[in-house]
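Novice: This is coords-v9.cif, which holds mmCIF, C-alpha atoms:
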```cif
data_structure
#
loop_
_atom_site.label_atom_id
_atom_site.label_comp_id
_atom_site.auth_asym_id
_atom_site.auth_seq_id
_atom_site.Cartn_x
_atom_site.Cartn_y
_atom_site.Cartn_z
CA MET A 50 26.30 -22.64 -15.91
CA ILE A 51 25.28 -20.70 -19.05
CA ARG A 52 23.26 -23.66 -20.32
CA HIS A 53 21.48 -23.91 -16.95
CA ALA A 54 20.61 -20.18 -17.00
CA LEU A 55 19.22 -20.44 -20.52
CA SER A 56 17.16 -23.48 -19.56
CA LEU A 57 15.74 -21.68 -16.53
CA SER A 58 14.77 -18.67 -18.66
CA LEU A 59 13.06 -20.94 -21.18
CA LEU A 60 11.21 -22.74 -18.38
CA CYS A 61 9.92 -19.40 -17.06
CA LEU A 62 8.61 -18.50 -20.52
CA LEU A 63 6.93 -21.86 -21.04
CA THR A 64 5.31 -22.07 -17.60
CA GLY A 65 4.41 -18.39 -17.22
CA ALA A 66 6.44 -18.26 -14.01
CA VAL A 67 6.74 -14.84 -12.37
CA THR A 68 10.16 -13.31 -13.03
CA ALA A 69 12.05 -11.18 -10.55
CA GLN A 70 10.80 -7.66 -9.94
CA GLN A 71 13.86 -5.93 -8.56
CA LEU A 72 12.83 -2.43 -7.47
CA GLN A 73 14.91 0.73 -7.64
CA LEU A 74 14.76 3.43 -5.02
CA PRO A 75 12.95 6.53 -6.36
CA THR A 76 15.68 9.08 -5.54
CA ALA A 77 19.45 9.22 -5.16
CA ASN A 78 19.03 8.72 -1.40
CA ARG A 79 20.27 5.16 -0.76
CA ALA A 80 20.57 5.32 3.03
CA LEU A 81 17.64 2.93 3.59
CA PHE A 82 20.02 -0.03 3.72
CA ASP A 83 22.69 1.24 6.10
CA ALA A 84 21.63 4.53 7.76
CA PRO A 85 17.80 4.78 7.89
CA ALA A 86 17.92 7.96 9.98
CA GLU A 87 19.40 9.65 6.90
CA PHE A 88 16.77 8.15 4.60
CA PHE A 89 13.41 8.76 6.28
CA GLN A 90 12.00 12.25 6.72
CA PHE A 91 11.14 13.07 10.33
CA VAL A 92 7.69 13.82 11.72
CA ASP A 93 6.79 16.44 14.32
CA ARG A 94 5.64 14.71 17.49
CA ASN A 95 4.24 16.04 20.77
CA PHE A 96 3.84 13.18 23.22
CA ASP A 97 3.64 13.36 27.00
CA GLY A 98 4.56 17.03 26.80
CA ALA A 99 7.78 16.40 24.88
CA LYS A 100 8.23 17.76 21.35
CA THR A 101 10.46 15.57 19.18
CA THR A 102 11.24 14.98 15.50
CA PRO A 103 11.69 11.20 15.18
CA TRP A 104 12.75 9.83 11.78
CA GLU A 105 10.97 6.59 12.66
CA GLY A 106 7.66 8.29 11.84
CA GLY A 107 8.62 8.37 8.17
CA GLN A 108 8.67 4.59 7.92
CA PHE A 109 5.96 2.25 6.65
CA GLY A 110 3.52 0.89 9.22
CA PHE A 111 1.92 1.90 12.50
CA VAL A 112 4.51 4.54 13.36
CA ARG A 113 2.46 7.63 14.24
CA ASP A 114 0.17 8.98 16.98
CA PRO A 115 1.60 7.23 20.07
CA ARG A 116 -0.74 6.63 22.96
CA ARG A 117 -0.40 4.87 26.30
CA ILE A 118 -2.43 1.71 26.75
CA GLY A 119 -1.70 0.38 30.20
CA SER A 120 2.06 -0.04 30.44
CA ARG A 121 2.48 -0.07 26.66
CA ILE A 122 2.86 2.64 24.05
CA ALA A 123 0.86 1.87 20.91
CA TYR A 124 1.10 3.73 17.61
CA ALA A 125 -2.45 4.02 16.34
CA ARG A 126 -1.95 5.88 13.06
CA PHE A 127 -0.87 3.91 10.03
CA HIS A 128 1.54 5.31 7.42
CA GLU A 129 1.16 3.55 4.06
CA GLY A 130 4.38 4.62 2.39
CA LEU A 131 7.99 5.66 2.82
CA ASP A 132 8.81 9.35 3.35
CA ILE A 133 12.23 9.90 1.75
CA LYS A 134 14.13 13.05 2.67
CA PRO A 135 15.92 15.15 0.03
CA LEU A 136 19.67 15.24 -0.49
CA GLN A 137 19.80 18.53 -2.41
CA ARG A 138 18.31 21.95 -1.65
CA ASP A 139 18.80 25.29 -3.38
CA ALA A 140 19.76 28.54 -1.68
CA LYS A 141 16.13 29.11 -0.64
CA GLY A 142 15.87 25.67 0.95
CA ASN A 143 13.70 24.12 -1.75
CA PRO A 144 14.51 20.49 -2.59
CA GLN A 145 16.05 19.71 -5.96
CA ASP A 146 16.01 15.89 -5.95
CA GLU A 147 14.61 14.12 -8.99
CA VAL A 148 12.03 11.39 -8.36
CA GLY A 149 12.18 8.38 -10.68
CA ALA A 150 9.99 5.35 -11.34
CA ILE A 151 10.84 2.38 -9.13
CA ALA A 152 10.25 -0.06 -12.03
CA ASP A 153 9.18 -0.18 -15.69
CA GLY A 154 5.54 0.70 -16.19
CA VAL A 155 2.89 3.04 -17.60
CA VAL A 156 1.81 6.36 -16.07
CA MET A 157 -1.86 5.96 -15.17
CA TYR A 158 -2.56 9.19 -13.33
CA VAL A 159 -1.07 12.63 -12.76
CA ALA A 160 -2.98 14.77 -10.27
CA ALA A 161 -4.27 17.85 -12.07
CA SER A 162 -3.87 20.08 -9.01
CA ALA A 163 -1.69 19.95 -5.92
CA GLY A 164 -4.57 21.23 -3.79
CA LEU A 165 -7.10 18.43 -4.25
CA SER A 166 -5.54 15.77 -2.02
CA ASN A 167 -3.43 15.24 1.09
CA TYR A 168 -0.98 13.69 -1.37
CA GLY A 169 -0.54 17.08 -3.02
CA ARG A 170 0.76 16.65 -6.56
CA TYR A 171 1.02 12.89 -7.11
CA ILE A 172 1.63 10.37 -9.86
CA VAL A 173 0.54 6.74 -10.19
CA VAL A 174 2.44 4.23 -12.35
CA ARG A 175 1.12 0.78 -13.26
CA HIS A 176 3.39 -2.28 -13.26
CA ASP A 177 2.13 -5.58 -14.69
CA TRP A 178 3.91 -8.42 -12.94
CA GLY A 179 2.95 -12.04 -13.40
CA GLY A 180 -0.42 -11.09 -14.86
CA SER A 181 -1.35 -8.84 -11.92
CA PRO A 182 -1.43 -5.03 -11.79
CA PHE A 183 0.55 -3.21 -9.11
CA PHE A 184 0.66 0.57 -8.76
CA SER A 185 3.47 2.73 -7.44
CA LEU A 186 2.50 6.18 -6.14
CA TYR A 187 4.74 9.24 -5.72
CA ALA A 188 3.32 12.08 -3.64
CA HIS A 189 4.07 15.68 -2.53
CA LEU A 190 5.90 16.47 -5.77
CA ALA A 191 6.84 20.07 -6.56
CA THR A 192 6.51 19.36 -10.28
CA ALA A 193 5.42 16.51 -12.55
CA GLN A 194 7.13 15.93 -15.88
CA VAL A 195 5.28 12.93 -17.30
CA SER A 196 1.78 12.51 -18.70
CA THR A 197 -0.93 9.86 -18.50
CA GLY A 198 -0.30 6.95 -20.85
CA GLN A 199 3.44 7.51 -21.01
CA ARG A 200 5.61 4.40 -20.77
CA VAL A 201 8.49 4.72 -18.34
CA LYS A 202 11.54 2.65 -17.46
CA ALA A 203 12.92 2.11 -13.98
CA GLY A 204 14.59 5.38 -13.06
CA THR A 205 12.74 7.52 -15.61
CA PRO A 206 12.33 11.00 -14.02
CA LEU A 207 8.73 11.64 -12.99
CA GLY A 208 9.09 14.97 -11.23
CA ILE A 209 10.86 16.92 -8.51
CA LEU A 210 10.55 16.18 -4.79
CA GLY A 211 8.57 18.80 -2.90
CA TYR A 212 6.16 19.56 -0.09
CA THR A 213 2.73 19.89 -1.72
CA GLY A 214 -0.25 18.59 0.22
CA SER A 215 -1.64 19.45 3.64
CA GLY A 216 0.43 19.28 6.80
CA ILE A 217 3.86 19.47 5.12
CA ASP A 218 6.25 22.39 5.19
CA GLN A 219 9.60 23.09 3.56
CA ARG A 220 11.51 21.60 6.51
CA ARG A 221 9.78 18.26 5.97
CA ALA A 222 9.93 18.20 2.17
CA HIS A 223 9.97 14.59 0.97
CA VAL A 224 8.61 12.15 -1.55
CA HIS A 225 6.05 9.74 -0.18
CA VAL A 226 6.26 6.52 -2.20
CA GLU A 227 3.93 3.51 -2.08
CA LEU A 228 3.49 0.20 -3.89
CA ASN A 229 -0.17 -0.79 -4.06
CA MET A 230 -2.81 -3.23 -5.17
CA LEU A 231 -6.03 -1.81 -6.66
CA LEU A 232 -9.24 -2.65 -4.81
CA SER A 233 -12.07 -1.98 -7.28
CA SER A 234 -12.75 -0.67 -10.77
CA ARG A 235 -16.19 0.37 -9.39
CA PHE A 236 -14.62 2.67 -6.80
CA GLU A 237 -16.42 5.77 -7.98
CA ALA A 238 -19.84 4.23 -7.31
CA TRP A 239 -18.70 3.11 -3.84
CA HIS A 240 -17.33 6.59 -3.08
CA ALA A 241 -20.52 8.32 -4.20
CA ALA A 242 -22.58 6.04 -1.93
CA ASN A 243 -20.37 6.67 1.13
CA PHE A 244 -19.11 10.26 0.94
CA ALA A 245 -20.73 13.62 0.25
CA SER A 246 -17.43 15.16 -0.86
CA PRO A 247 -16.45 14.85 -4.53
CA ASN A 248 -13.90 12.32 -5.74
CA HIS A 249 -11.34 14.25 -7.80
CA HIS A 250 -9.09 11.32 -8.65
CA GLY A 251 -11.24 8.60 -10.21
CA VAL A 252 -10.14 5.04 -9.43
CA PHE A 253 -6.69 6.32 -8.43
CA ASN A 254 -7.99 7.89 -5.25
CA GLY A 255 -5.79 6.78 -2.35
CA LEU A 256 -8.76 5.04 -0.73
CA ASN A 257 -8.79 2.58 -3.63
CA LEU A 258 -5.10 1.70 -3.34
CA ILE A 259 -3.94 -0.64 -0.58
CA GLY A 260 -0.23 -0.69 0.13
CA LEU A 261 2.28 -3.50 0.31
CA ASP A 262 4.99 -3.21 2.96
CA LEU A 263 7.39 -1.57 0.51
CA GLN A 264 10.02 -0.99 3.18
CA SER A 265 10.24 -4.71 3.97
CA LEU A 266 10.20 -5.57 0.27
CA TYR A 267 13.22 -3.36 -0.45
CA LEU A 268 15.14 -4.89 2.45
CA ALA A 269 14.12 -8.44 1.57
CA GLN A 270 15.18 -8.01 -2.06
CA GLN A 271 18.65 -7.14 -0.83
CA ARG A 272 18.83 -10.69 0.54
CA ASN A 273 16.79 -12.35 -2.20
CA PRO A 274 16.63 -10.46 -5.53
CA GLU A 275 14.13 -13.03 -6.84
CA LEU A 276 11.44 -12.04 -4.32
CA THR A 277 8.33 -10.77 -6.11
CA ALA A 278 5.59 -8.40 -5.05
CA ALA A 279 3.16 -11.33 -4.86
CA GLY A 280 5.65 -13.24 -2.71
CA SER A 281 5.91 -10.26 -0.40
CA VAL A 282 2.13 -10.18 0.02
CA ARG A 283 1.98 -13.90 0.78
CA ALA A 284 4.71 -13.47 3.42
CA THR A 285 2.80 -10.70 5.24
CA GLU A 286 1.48 -11.52 8.71
CA SER A 287 -2.27 -12.17 9.01
CA ALA A 288 -4.26 -10.00 11.43
CA TYR A 289 -7.95 -10.76 10.91
CA ARG A 290 -10.30 -12.76 8.73
CA VAL A 291 -13.76 -11.82 7.46
CA ALA A 292 -16.58 -13.95 6.05
CA VAL A 293 -18.27 -12.27 3.08
CA PRO A 294 -21.47 -13.31 1.22
CA GLY A 295 -20.87 -15.38 -1.90
CA ASP A 296 -22.41 -12.76 -4.19
CA ALA A 297 -19.45 -10.42 -3.52
CA GLU A 298 -17.78 -9.60 -6.83
CA MET A 299 -14.24 -10.42 -5.56
CA GLU A 300 -12.45 -8.41 -8.24
CA ILE A 301 -9.27 -8.84 -6.19
CA VAL A 302 -9.27 -12.54 -7.09
CA LYS A 303 -9.62 -11.71 -10.79
CA ASN A 304 -6.73 -9.25 -10.63
CA TYR A 305 -4.63 -11.21 -8.15
CA PRO A 306 -5.51 -14.91 -8.71
CA TRP A 307 -2.59 -16.03 -6.52
CA LEU A 308 -4.62 -14.77 -3.52
CA LEU A 309 -6.98 -17.73 -3.95
CA ASP A 310 -6.44 -20.37 -1.28
CA GLY A 311 -7.75 -23.70 -2.53
CA PRO A 312 -9.61 -24.62 -5.72
CA ARG A 313 -11.47 -22.02 -7.71
CA PRO A 314 -15.24 -22.59 -7.30
CA ALA A 315 -17.20 -23.48 -10.46
CA GLY A 316 -19.88 -20.92 -9.60
CA ARG A 317 -20.60 -18.56 -6.75
CA PRO A 318 -19.69 -20.10 -3.38
CA ALA A 319 -21.98 -19.79 -0.38
CA SER A 320 -19.47 -17.31 1.05
CA TRP A 321 -15.88 -16.17 0.91
CA GLU A 322 -13.38 -15.94 3.73
CA VAL A 323 -10.84 -13.16 3.27
CA THR A 324 -7.68 -12.75 5.34
CA PHE A 325 -6.29 -9.24 5.85
CA SER A 326 -3.10 -7.74 7.26
CA ARG A 327 -3.27 -5.25 10.13
CA TRP A 328 -3.72 -2.39 7.67
CA GLY A 329 -6.19 -4.16 5.38
CA LEU A 330 -4.00 -5.68 2.66
CA PRO A 331 -5.82 -8.78 1.30
CA LEU A 332 -3.58 -11.80 1.89
CA ALA A 333 -5.75 -14.80 1.00
CA VAL A 334 -9.25 -15.56 -0.28
CA LYS A 335 -10.96 -18.90 0.25
CA ALA A 336 -14.35 -20.16 -0.92
CA SER A 337 -16.59 -21.53 1.80
CA SER A 338 -19.73 -23.70 1.83
CA THR A 339 -21.18 -21.81 4.81
CA ALA A 340 -23.74 -19.20 3.81
CA VAL A 341 -23.59 -15.74 5.44
CA SER A 342 -25.88 -12.76 4.98
CA ALA A 343 -23.40 -9.96 5.76
CA PRO A 344 -19.66 -9.59 6.40
CA PHE A 345 -18.39 -10.42 9.87
CA VAL A 346 -15.09 -11.18 11.60
CA THR A 347 -14.37 -14.92 11.95
CA TRP A 348 -10.89 -14.60 13.47
CA VAL A 349 -8.66 -11.84 14.80
CA LYS A 350 -5.15 -12.03 16.19
CA ASP A 351 -4.72 -11.04 19.81
CA ALA A 352 -2.04 -8.34 19.83
CA GLY A 353 -2.51 -7.52 23.51
CA ILE A 354 -4.08 -4.12 22.78
CA PRO A 355 -7.57 -3.13 21.57
CA HIS A 356 -8.03 -4.21 17.96
CA TYR A 357 -9.18 -0.74 16.98
CA THR A 358 -5.68 0.66 17.52
CA HIS A 359 -3.89 -1.78 15.20
CA THR A 360 -6.43 -2.37 12.40
CA ARG A 361 -6.86 1.23 11.21
CA GLY A 362 -10.13 1.31 13.13
CA CYS A 363 -11.68 -1.51 11.09
CA VAL A 364 -12.10 -4.02 13.93
CA THR A 365 -13.26 -3.36 17.47
CA GLY A 366 -12.96 -5.53 20.55
CA SER A 367 -9.96 -7.19 22.18
CA GLY A 368 -8.46 -10.59 22.83
CA SER A 369 -9.65 -13.32 20.49
CA SER A 370 -12.95 -11.68 19.57
CA GLY A 371 -13.68 -8.76 17.30
CA LYS A 372 -16.37 -7.06 15.24
CA LEU A 373 -16.25 -4.89 12.15
CA THR A 374 -16.75 -1.20 12.85
CA VAL A 375 -18.80 0.99 10.53
CA GLU A 376 -15.53 1.99 8.89
CA GLY A 377 -14.44 -1.64 8.77
CA LEU A 378 -17.63 -2.75 7.02
CA ARG A 379 -17.26 0.07 4.51
CA PHE A 380 -13.70 -1.03 3.78
CA VAL A 381 -14.62 -4.71 3.40
CA LYS A 382 -17.34 -3.73 0.92
CA ILE A 383 -14.88 -1.99 -1.42
CA ALA A 384 -12.15 -4.60 -0.91
CA CYS A 385 -14.49 -7.49 -1.73
CA GLY A 386 -16.92 -5.82 -4.13
CA TRP A 387 -19.95 -6.34 -1.92
CA PHE A 388 -21.94 -3.21 -2.83
#
```
Mind turning this structure into structure tokens?
Specialist:
Amino acid sequence: MIRHALSLSLLCLLTGAVTAQQLQLPTANRALFDAPAEFFQFVDRNFDGAKTTPWEGGQFGFVRDPRRIGSRIAYARFHEGLDIKPLQRDAKGNPQDEVGAIADGVVMYVAASAGLSNYGRYIVVRHDWGGSPFFSLYAHLATAQVSTGQRVKAGTPLGILGYTGSGIDQRRAHVHVELNMLLSSRFEAWHAANFASPNHHGVFNGLNLIGLDLQSLYLAQQRNPELTAAGSVRATESAYRVAVPGDAEMEIVKNYPWLLDGPRPAGRPASWEVTFSRWGLPLAVKASSTAVSAPFVTWVKDAGIPHYTHTRGCVTGSGSSGKLTVEGLRFVKIACGWF
């Protein structure tokens, strides 16, 4: 058994195979696995005249802003992270929980001010796994106790859980944690061309970070500790596919080469076809010999409700047909480097 384990480790080194990326939870709250109502921070909801505080709104996914569509209730607002409630509060009700890194990495960004983002005071840590960069984000912190460039280990304290950022009060103090892929190193140029407001956060603006389903990854790693972040992406359900002109930069393929479906083209292909999840996570990229002049939807999954409500407003239409909205085209441009 020992000889087999040593041989497997040597094989991983020789082949460059991706090793396991077991993630830690960022606080002492471990209820995710057996009592989620004690893990997720509630949201305030007013729906059909009833005011409630459901913990389900703190989960990852389309869990907010319910609306009736025929006989169904659809949740149109996407939540890209996990809102983890505190376990400790002082006599004044302020949380005392320490927030730690979910894995080894390097601190890439510490927000200079709590008032410049909906995230409040937030920190971004880079993790290099299998040759690809992933970025964990920790938001709404009361304090930050690390600095840019600092190397951290899994569990290294980053700051104290809090309620900085808009729309959060002391009752709902929590840490919002994400695990992301980076869309573009040219983000600042894209932002300047699309928004009049200043970008205070460089490439680590939340618009340039697209989240993995971290909740599912934590749960799946309980069953299979060898599951990687890349494996989690590949297992994510497809929602729509977009054809993009071949002159798109496709930085996501350079950073995440395992997204490439099929052989790598020798030069620029006539076009690319990119598959996205419901919330816009790139799942696969394929070169195509069919030339296109602008991005357009080639396939969309019929979810039985208008596409706009389950694609973060990026695709409009219903059934088996769909078109990119203005917002959808803007997103595809940054995701694919077509600008």
Novice: List the residues selected by the PyMOL selection byres ((chain A and resi 246-252) around 7) in the file shown, writing them as a list of chain:residue names.
Specialist: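 After applying the PyMOL selection byres ((chain A and resi 246-252) around 7), what remains is A:Leu165, A:Ser234, A:Phe236, A:Glu237, A:Phe244, A:Ala245, A:Phe253, A:Asn254, A:Asn257.
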Novice: Take the residues just selected and output them with C-alpha atoms as a PDB file, keeping the file's coordinate frame.
Specialist:
```
ATOM      1  CA  LEU A 165      -7.100  18.430  -4.250  1.00  0.00           C
ATOM      2  CA  SER A 234     -12.750  -0.670 -10.770  1.00  0.00           C
ATOM      3  CA  PHE A 236     -14.620   2.670  -6.800  1.00  0.00           C
ATOM      4  CA  GLU A 237     -16.420   5.770  -7.980  1.00  0.00           C
ATOM      5  CA  PHE A 244     -19.110  10.260   0.940  1.00  0.00           C
ATOM      6  CA  ALA A 245     -20.730  13.620   0.250  1.00  0.00           C
ATOM      7  CA  PHE A 253      -6.690   6.320  -8.430  1.00  0.00           C
ATOM      8  CA  ASN A 254      -7.990   7.890  -5.250  1.00  0.00           C
ATOM      9  CA  ASN A 257      -8.790   2.580  -3.630  1.00  0.00           C
TER      10      ASN A 257
END
```
Novice: So how many Å separate CA of Lys335 in chain A and CA of Leu266 in chain A, to one decimal?
Specialist: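 Here the two named atoms are 25.0 Å from each other.
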Novice: Set the distance at 10 Å and use only C-alpha atoms: which residues neighbour range 116-126 of chain A once local chain neighbours fewer than 2 positions away are removed? I'd like the list as a compact mmCIF listing (two decimals) with C-alpha atoms, keeping the file's coordinate frame.
Specialist:
```txt
# COMPACT_ATOMS: atom_id res chain seq x y z
CA PHE A 96 3.84 13.18 23.22
CA ASP A 97 3.64 13.36 27.00
CA GLY A 106 7.66 8.29 11.84
CA GLY A 110 3.52 0.89 9.22
CA PHE A 111 1.92 1.90 12.50
CA VAL A 112 4.51 4.54 13.36
CA ARG A 113 2.46 7.63 14.24
CA ASP A 114 0.17 8.98 16.98
CA HIS A 128 1.54 5.31 7.42
CA GLU A 129 1.16 3.55 4.06
CA GLY A 353 -2.51 -7.52 23.51
CA ILE A 354 -4.08 -4.12 22.78
CA PRO A 355 -7.57 -3.13 21.57
CA TYR A 357 -9.18 -0.74 16.98
CA THR A 358 -5.68 0.66 17.52
CA HIS A 359 -3.89 -1.78 15.20
CA THR A 360 -6.43 -2.37 12.40
CA ARG A 361 -6.86 1.23 11.21
CA GLY A 362 -10.13 1.31 13.13
```
Novice: Just want the 8 Å neighbourhood of range 84-90 of chain A, counted on all atoms listed in the file, with same-chain residues fewer than 3 positions away dropped. Output as number ranges by chain.
Specialist: A: 78-81, 104-108, 131-134, 221-223
Novice: Which distance in Å separates CA of Tyr289 in chain A and CA of Arg313 in chain A, to one decimal?
Specialist: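 It comes out at 22.0 Å.
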Novice: Considering all atoms listed in the file, state which residue in the set A:Tyr267, A:Lys141, A:Leu258, A:Asp218 is at the smallest distance from Arg175 in chain A.
Specialist: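 Among the listed residues, the smallest separation from Arg175 in chain A belongs to A:Leu258.
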Novice: Which residues are near Lys350 in chain A? Cut-off 8 Å, only C-alpha atoms, ignore same chain within fewer than 3 positions. Put them as a list in words.
Specialist: Ser287, Ala288, Tyr289, Gly368 and Ser369 of chain A
Novice: Go through A:Ser233, A:Thr277, A:Ala269, A:Ala242 and flag the residue nearest Val381 in chain A, using all atoms listed in the file for the distances.
Specialist: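 With all atoms listed in the file as the atom set, the closest residue is A:Ser233.
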Novice: From the options A:Phe388, A:Trp321, A:Phe183, A:Trp328, which residue's atoms come nearest to Cys363 in chain A, counting only C-alpha atoms?
Specialist: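 Result for the nearest residue to Cys363 in chain A: A:Trp328.
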